[in-house]
Amino acid sequence: MGVVAGFLTAVVLLLPSPTSTAVSNPIAAAIQAAQPGDTVYVAAGTFTGSVTVPDGVTVVGQGSSSSWLKGKLTFGSNVVVRDLKIGDAGMYAVNNKDGASNTTFERVRFRGGGGVNWTYVVKLGGSGGDCDHVTFKDCQVERNLGVEVDGSDRGFNDVCIWTSANARVSDVTFEGCHIGVSNGVRSGAPRMGVECYTDSGSGWQRITFRNCVVEVCDAHGMDFSDEYNIRSEGLVVEGCTLKGGGKAGREWGSTIDLEYPLRAVIRNNTFGLGWERCVQMTTRSDPYNRSYTVFTGNRVDLTPNGVTRASYWTDVDVTSDSPWGPSNVTAD
């Protein structure tokens, strides 16, 4: 390792083999040998194999179209990852270690999914354990490599924030990200573009999507679910463009679906045509306490987007006991 002039941070400089663009071991070795405060620079090329980034390490590539870590990346705390492509078919592109905190991904393109059931591209929580304060800025998430029109109960999502086995996911931000980018064959998601799901854990808290784009998905474009005895809260979806949902023409076909998280703010977004509906909020007949949900400044765009309408289609469907805040929806 060397020392950058004028800085105390140690640097690991990694170069690919001059005779090959596929190097399997040096990248993992360099990253996993790095110490807190080190920066690993990844040159142009394709580097195969999964890697765990130690706490406090920064990994910087030469751009998501040039430097590819072709395997799963597992991150810890105080990690920064920039200017890379990450992931491969049959696995998560990225997942957290238990207790991971204060990690940032910037200008990263994620590729993955298409393995066994419940293989996502970006996965937070679940069997990975707790994580908090994770930021994705100006990132791209490719369409999950799952089957095109798979059964609706299959877990082929692009982004899944999933709390289970007492895991807790909180304070996650997607800023200026593009979800469902084409994987070279199709765009969108073979299930949901984003699913934040409370299972048997402690509930996800304070999840923000700001100025993001979600391509048309086969099922819901975005789905945020809750349980009456394990409450999730603090959702913000603001300034986003959700191009549509339900392209496969089956159940779960809304552009955005809110299954009653507490204190959601859904503001200044554009929602494209969904097969069942563009916007849904439902309590699923569970005994919820009323919450205050702000839904304002949103626009429904009914321009054709490859989605057909179900016989019972409606643009906005809200159960009678859903306590919306100031509602302001314009439909084109």
# chains A, B, ... in the order shown; residues from 1 in each chain; ligands from 1
$ residues_around --residues "Val80 (chain A)" --least-positions-apart "2" --cutoff "6 Å" --atoms "only C-alpha atoms" --output "ChimeraX atom specification"
/A:58,103-104
$ residues_around --residues "region 199-208 of chain A" --least-positions-apart "3" --cutoff "12 Å" --atoms "only C-alpha atoms" --output "MDAnalysis selection string"
chainID A and resid 124:127 129:137 160:177 194:196 211:212 224:240 261:267
$ atom_distance --atom1 "CA of Gly56 (chain A)" --atom2 "CA of Gln140 (chain A)"
23.5 Å
$ closest_residue --among "A:Val81, A:Cys139, A:Val307, A:Val122" --to "Phe156 (chain A)" --atoms "only C-alpha atoms"
A:Val122
$ closest_residue --among "A:Asp218, A:Asp38, A:Asp88, A:Asp98" --to "Asn157 (chain A)" --atoms "only C-alpha atoms"
A:Asp218
$ select_by_dssp --residues "region 65-190 of chain A" --states "strand (DSSP E)" --output "ChimeraX atom specification"
/A:67-70,73-75,80-82,85-86,94-96,100-106,109-110,122-125,131-137,140-142,159-163,169-175,178-181
$ write_last_selection --atoms "N, CA and C atoms" --output "compact mmCIF listing (two decimals), in the first residue's frame"
# COMPACT_ATOMS: atom_id res chain seq x y z
N SER A 67 -15.51 -0.66 -15.10
CA SER A 67 -15.02 -1.53 -14.03
C SER A 67 -16.18 -2.37 -13.50
N TRP A 68 -16.05 -3.69 -13.62
CA TRP A 68 -17.16 -4.58 -13.25
C TRP A 68 -16.67 -5.58 -12.21
N LEU A 69 -17.26 -5.53 -11.01
CA LEU A 69 -17.06 -6.57 -10.01
C LEU A 69 -18.15 -7.60 -10.24
N LYS A 70 -17.80 -8.68 -10.91
CA LYS A 70 -18.79 -9.65 -11.38
C LYS A 70 -19.02 -10.72 -10.31
N LEU A 73 -21.48 -8.37 -3.77
CA LEU A 73 -20.73 -7.52 -2.84
C LEU A 73 -21.51 -7.44 -1.54
N THR A 74 -20.84 -7.79 -0.44
CA THR A 74 -21.41 -7.67 0.89
C THR A 74 -20.70 -6.54 1.61
N PHE A 75 -21.46 -5.63 2.20
CA PHE A 75 -20.84 -4.45 2.79
C PHE A 75 -21.06 -4.39 4.30
N VAL A 80 -17.72 3.11 1.39
CA VAL A 80 -18.09 3.92 0.24
C VAL A 80 -17.72 3.15 -1.02
N VAL A 81 -18.68 3.06 -1.96
CA VAL A 81 -18.44 2.38 -3.24
C VAL A 81 -18.87 3.32 -4.35
N ARG A 82 -17.97 3.58 -5.31
CA ARG A 82 -18.27 4.53 -6.38
C ARG A 82 -17.85 3.98 -7.74
N LYS A 85 -19.69 -1.24 -11.78
CA LYS A 85 -20.79 -2.16 -12.02
C LYS A 85 -20.58 -3.35 -11.09
N ILE A 86 -21.65 -3.80 -10.45
CA ILE A 86 -21.55 -4.88 -9.47
C ILE A 86 -22.62 -5.93 -9.76
N VAL A 94 -25.90 -6.94 -4.24
CA VAL A 94 -25.40 -6.34 -3.01
C VAL A 94 -26.31 -6.73 -1.84
N ASN A 95 -25.68 -6.96 -0.70
CA ASN A 95 -26.39 -7.30 0.53
C ASN A 95 -25.54 -6.80 1.70
N ASN A 96 -26.20 -6.56 2.82
CA ASN A 96 -25.48 -6.02 3.98
C ASN A 96 -25.05 -7.11 4.95
N ALA A 100 -24.59 -3.40 9.61
CA ALA A 100 -23.96 -2.44 8.71
C ALA A 100 -24.62 -1.07 8.82
N SER A 101 -23.80 -0.02 8.79
CA SER A 101 -24.31 1.33 9.00
C SER A 101 -23.43 2.33 8.25
N ASN A 102 -24.05 3.43 7.83
CA ASN A 102 -23.31 4.55 7.23
C ASN A 102 -22.50 4.13 6.00
N THR A 103 -23.21 3.56 5.03
CA THR A 103 -22.58 3.13 3.78
C THR A 103 -23.23 3.87 2.61
N THR A 104 -22.40 4.24 1.62
CA THR A 104 -22.88 4.99 0.47
C THR A 104 -22.44 4.33 -0.83
N PHE A 105 -23.39 4.18 -1.75
CA PHE A 105 -23.11 3.75 -3.12
C PHE A 105 -23.41 4.94 -4.04
N GLU A 106 -22.45 5.27 -4.89
CA GLU A 106 -22.63 6.42 -5.77
C GLU A 106 -22.20 6.06 -7.19
N ARG A 109 -23.82 0.70 -10.92
CA ARG A 109 -24.84 -0.05 -11.66
C ARG A 109 -24.89 -1.47 -11.11
N PHE A 110 -26.09 -1.90 -10.70
CA PHE A 110 -26.26 -3.21 -10.07
C PHE A 110 -26.91 -4.18 -11.05
N VAL A 122 -30.84 -5.79 -5.49
CA VAL A 122 -30.37 -5.12 -4.28
C VAL A 122 -31.23 -5.61 -3.12
N LYS A 123 -30.60 -6.20 -2.12
CA LYS A 123 -31.34 -6.71 -0.97
C LYS A 123 -30.76 -6.12 0.32
N LEU A 124 -31.64 -5.59 1.14
CA LEU A 124 -31.27 -5.06 2.45
C LEU A 124 -32.11 -5.76 3.51
N GLY A 125 -31.48 -6.16 4.61
CA GLY A 125 -32.22 -6.82 5.68
C GLY A 125 -32.37 -8.30 5.43
N CYS A 131 -29.47 -3.26 9.17
CA CYS A 131 -28.64 -2.22 8.55
C CYS A 131 -29.36 -0.89 8.67
N ASP A 132 -28.59 0.19 8.66
CA ASP A 132 -29.19 1.51 8.76
C ASP A 132 -28.28 2.54 8.10
N HIS A 133 -28.88 3.66 7.72
CA HIS A 133 -28.18 4.77 7.10
C HIS A 133 -27.35 4.29 5.89
N VAL A 134 -28.09 3.78 4.91
CA VAL A 134 -27.51 3.34 3.64
C VAL A 134 -28.04 4.26 2.55
N THR A 135 -27.15 4.81 1.73
CA THR A 135 -27.54 5.77 0.71
C THR A 135 -27.10 5.27 -0.66
N PHE A 136 -28.03 5.36 -1.62
CA PHE A 136 -27.76 5.06 -3.03
C PHE A 136 -27.98 6.36 -3.80
N LYS A 137 -26.93 6.87 -4.42
CA LYS A 137 -27.03 8.16 -5.11
C LYS A 137 -26.63 7.99 -6.57
N GLN A 140 -27.89 2.95 -10.84
CA GLN A 140 -28.77 2.24 -11.75
C GLN A 140 -28.94 0.81 -11.26
N VAL A 141 -30.19 0.34 -11.25
CA VAL A 141 -30.49 -1.03 -10.87
C VAL A 141 -31.10 -1.72 -12.08
N GLU A 142 -30.40 -2.71 -12.62
CA GLU A 142 -30.91 -3.41 -13.80
C GLU A 142 -32.12 -4.26 -13.45
N VAL A 159 -35.34 -4.21 -6.21
CA VAL A 159 -34.89 -3.71 -4.91
C VAL A 159 -35.83 -4.26 -3.85
N CYS A 160 -35.29 -4.94 -2.85
CA CYS A 160 -36.12 -5.45 -1.77
C CYS A 160 -35.53 -5.03 -0.43
N ILE A 161 -36.31 -4.29 0.34
CA ILE A 161 -35.97 -3.94 1.71
C ILE A 161 -36.87 -4.80 2.57
N TRP A 162 -36.29 -5.81 3.16
CA TRP A 162 -37.07 -6.88 3.75
C TRP A 162 -36.64 -7.10 5.19
N THR A 163 -37.55 -6.96 6.14
CA THR A 163 -37.22 -7.19 7.53
C THR A 163 -37.82 -8.52 7.95
N VAL A 169 -34.35 -2.64 9.22
CA VAL A 169 -33.75 -1.81 8.18
C VAL A 169 -34.30 -0.39 8.35
N SER A 170 -33.41 0.58 8.46
CA SER A 170 -33.89 1.94 8.69
C SER A 170 -32.98 2.97 8.02
N ASP A 171 -33.56 4.12 7.73
CA ASP A 171 -32.82 5.28 7.21
C ASP A 171 -32.06 4.93 5.94
N VAL A 172 -32.82 4.47 4.95
CA VAL A 172 -32.27 4.13 3.63
C VAL A 172 -32.78 5.16 2.63
N THR A 173 -31.87 5.69 1.80
CA THR A 173 -32.23 6.72 0.84
C THR A 173 -31.77 6.33 -0.56
N PHE A 174 -32.69 6.42 -1.52
CA PHE A 174 -32.36 6.32 -2.95
C PHE A 174 -32.58 7.70 -3.54
N GLU A 175 -31.52 8.32 -4.02
CA GLU A 175 -31.56 9.69 -4.54
C GLU A 175 -31.10 9.69 -5.99
N HIS A 178 -32.16 5.14 -10.95
CA HIS A 178 -32.98 4.61 -12.04
C HIS A 178 -33.12 3.11 -11.81
N ILE A 179 -34.34 2.66 -11.58
CA ILE A 179 -34.62 1.28 -11.19
C ILE A 179 -35.35 0.57 -12.32
N GLY A 180 -34.86 -0.62 -12.66
CA GLY A 180 -35.44 -1.37 -13.77
C GLY A 180 -34.80 -1.06 -15.10
N VAL A 181 -33.56 -0.60 -15.08
CA VAL A 181 -32.81 -0.35 -16.31
C VAL A 181 -32.67 -1.67 -17.08
$ residues_around --residues "Trp313 (chain A)" --least-positions-apart "6" --cutoff "7 Å" --atoms "only C-alpha atoms" --output "MDAnalysis selection string"
chainID A and resid 275:277
$ write_last_selection --atoms "C-alpha atoms" --output "short mmCIF file (atom, residue, chain, number, x, y, z; two decimals), in the first residue's frame"
data_model
loop_
_atom_site.label_atom_id
_atom_site.label_comp_id
_atom_site.auth_asym_id
_atom_site.auth_seq_id
_atom_site.Cartn_x
_atom_site.Cartn_y
_atom_site.Cartn_z
CA TRP A 275 -53.11 -2.75 -14.85
CA GLU A 276 -55.36 -2.71 -11.75
CA ARG A 277 -54.81 0.90 -10.73
#
$ atom_distance --atom1 "CA of Ser64 (chain A)" --atom2 "CA of Gly306 (chain A)"
29.0 Å
$ atom_distance --atom1 "CA of Asn183 (chain A)" --atom2 "CA of Arg210 (chain A)"
23.0 Å
$ closest_residue --among "A:Leu258, A:Val294, A:Met192, A:Val57" --to "Gly244 (chain A)" --atoms "only C-alpha atoms"
A:Met192
$ closest_residue --among "A:Met222, A:Cys217, A:Leu145, A:Ala43" --to "Gly246 (chain A)" --atoms "only C-alpha atoms"
A:Cys217
$ closest_residue --among "A:Val59, A:Ala248, A:Pro304, A:Thr48" --to "Val147 (chain A)" --atoms "only C-alpha atoms"
A:Ala248
$ residues_around --residues "Gly272 (chain A)" --least-positions-apart "3" --cutoff "8 Å" --atoms "only C-alpha atoms" --output "list of chain:residue names"
A:Thr241, A:Leu242, A:Lys243, A:Gly244, A:Gly245, A:Thr255, A:Cys278, A:Val300, A:Asp301, A:Leu302, A:Thr303, A:Asn305
$ closest_atom_pairs --of "region 67-154 of chain A" --to "region 250-254 of chain A" --cutoff "12 Å" --atoms "only C-alpha atoms" --output "CSV"
residue,atom,partner,partner_atom,distance
A:Val149,CA,A:Arg250,CA,9.5
A:Asp150,CA,A:Arg250,CA,10.3
A:Gly151,CA,A:Arg250,CA,9.1
A:Ser152,CA,A:Glu251,CA,7.1
A:Asp153,CA,A:Glu251,CA,9.8
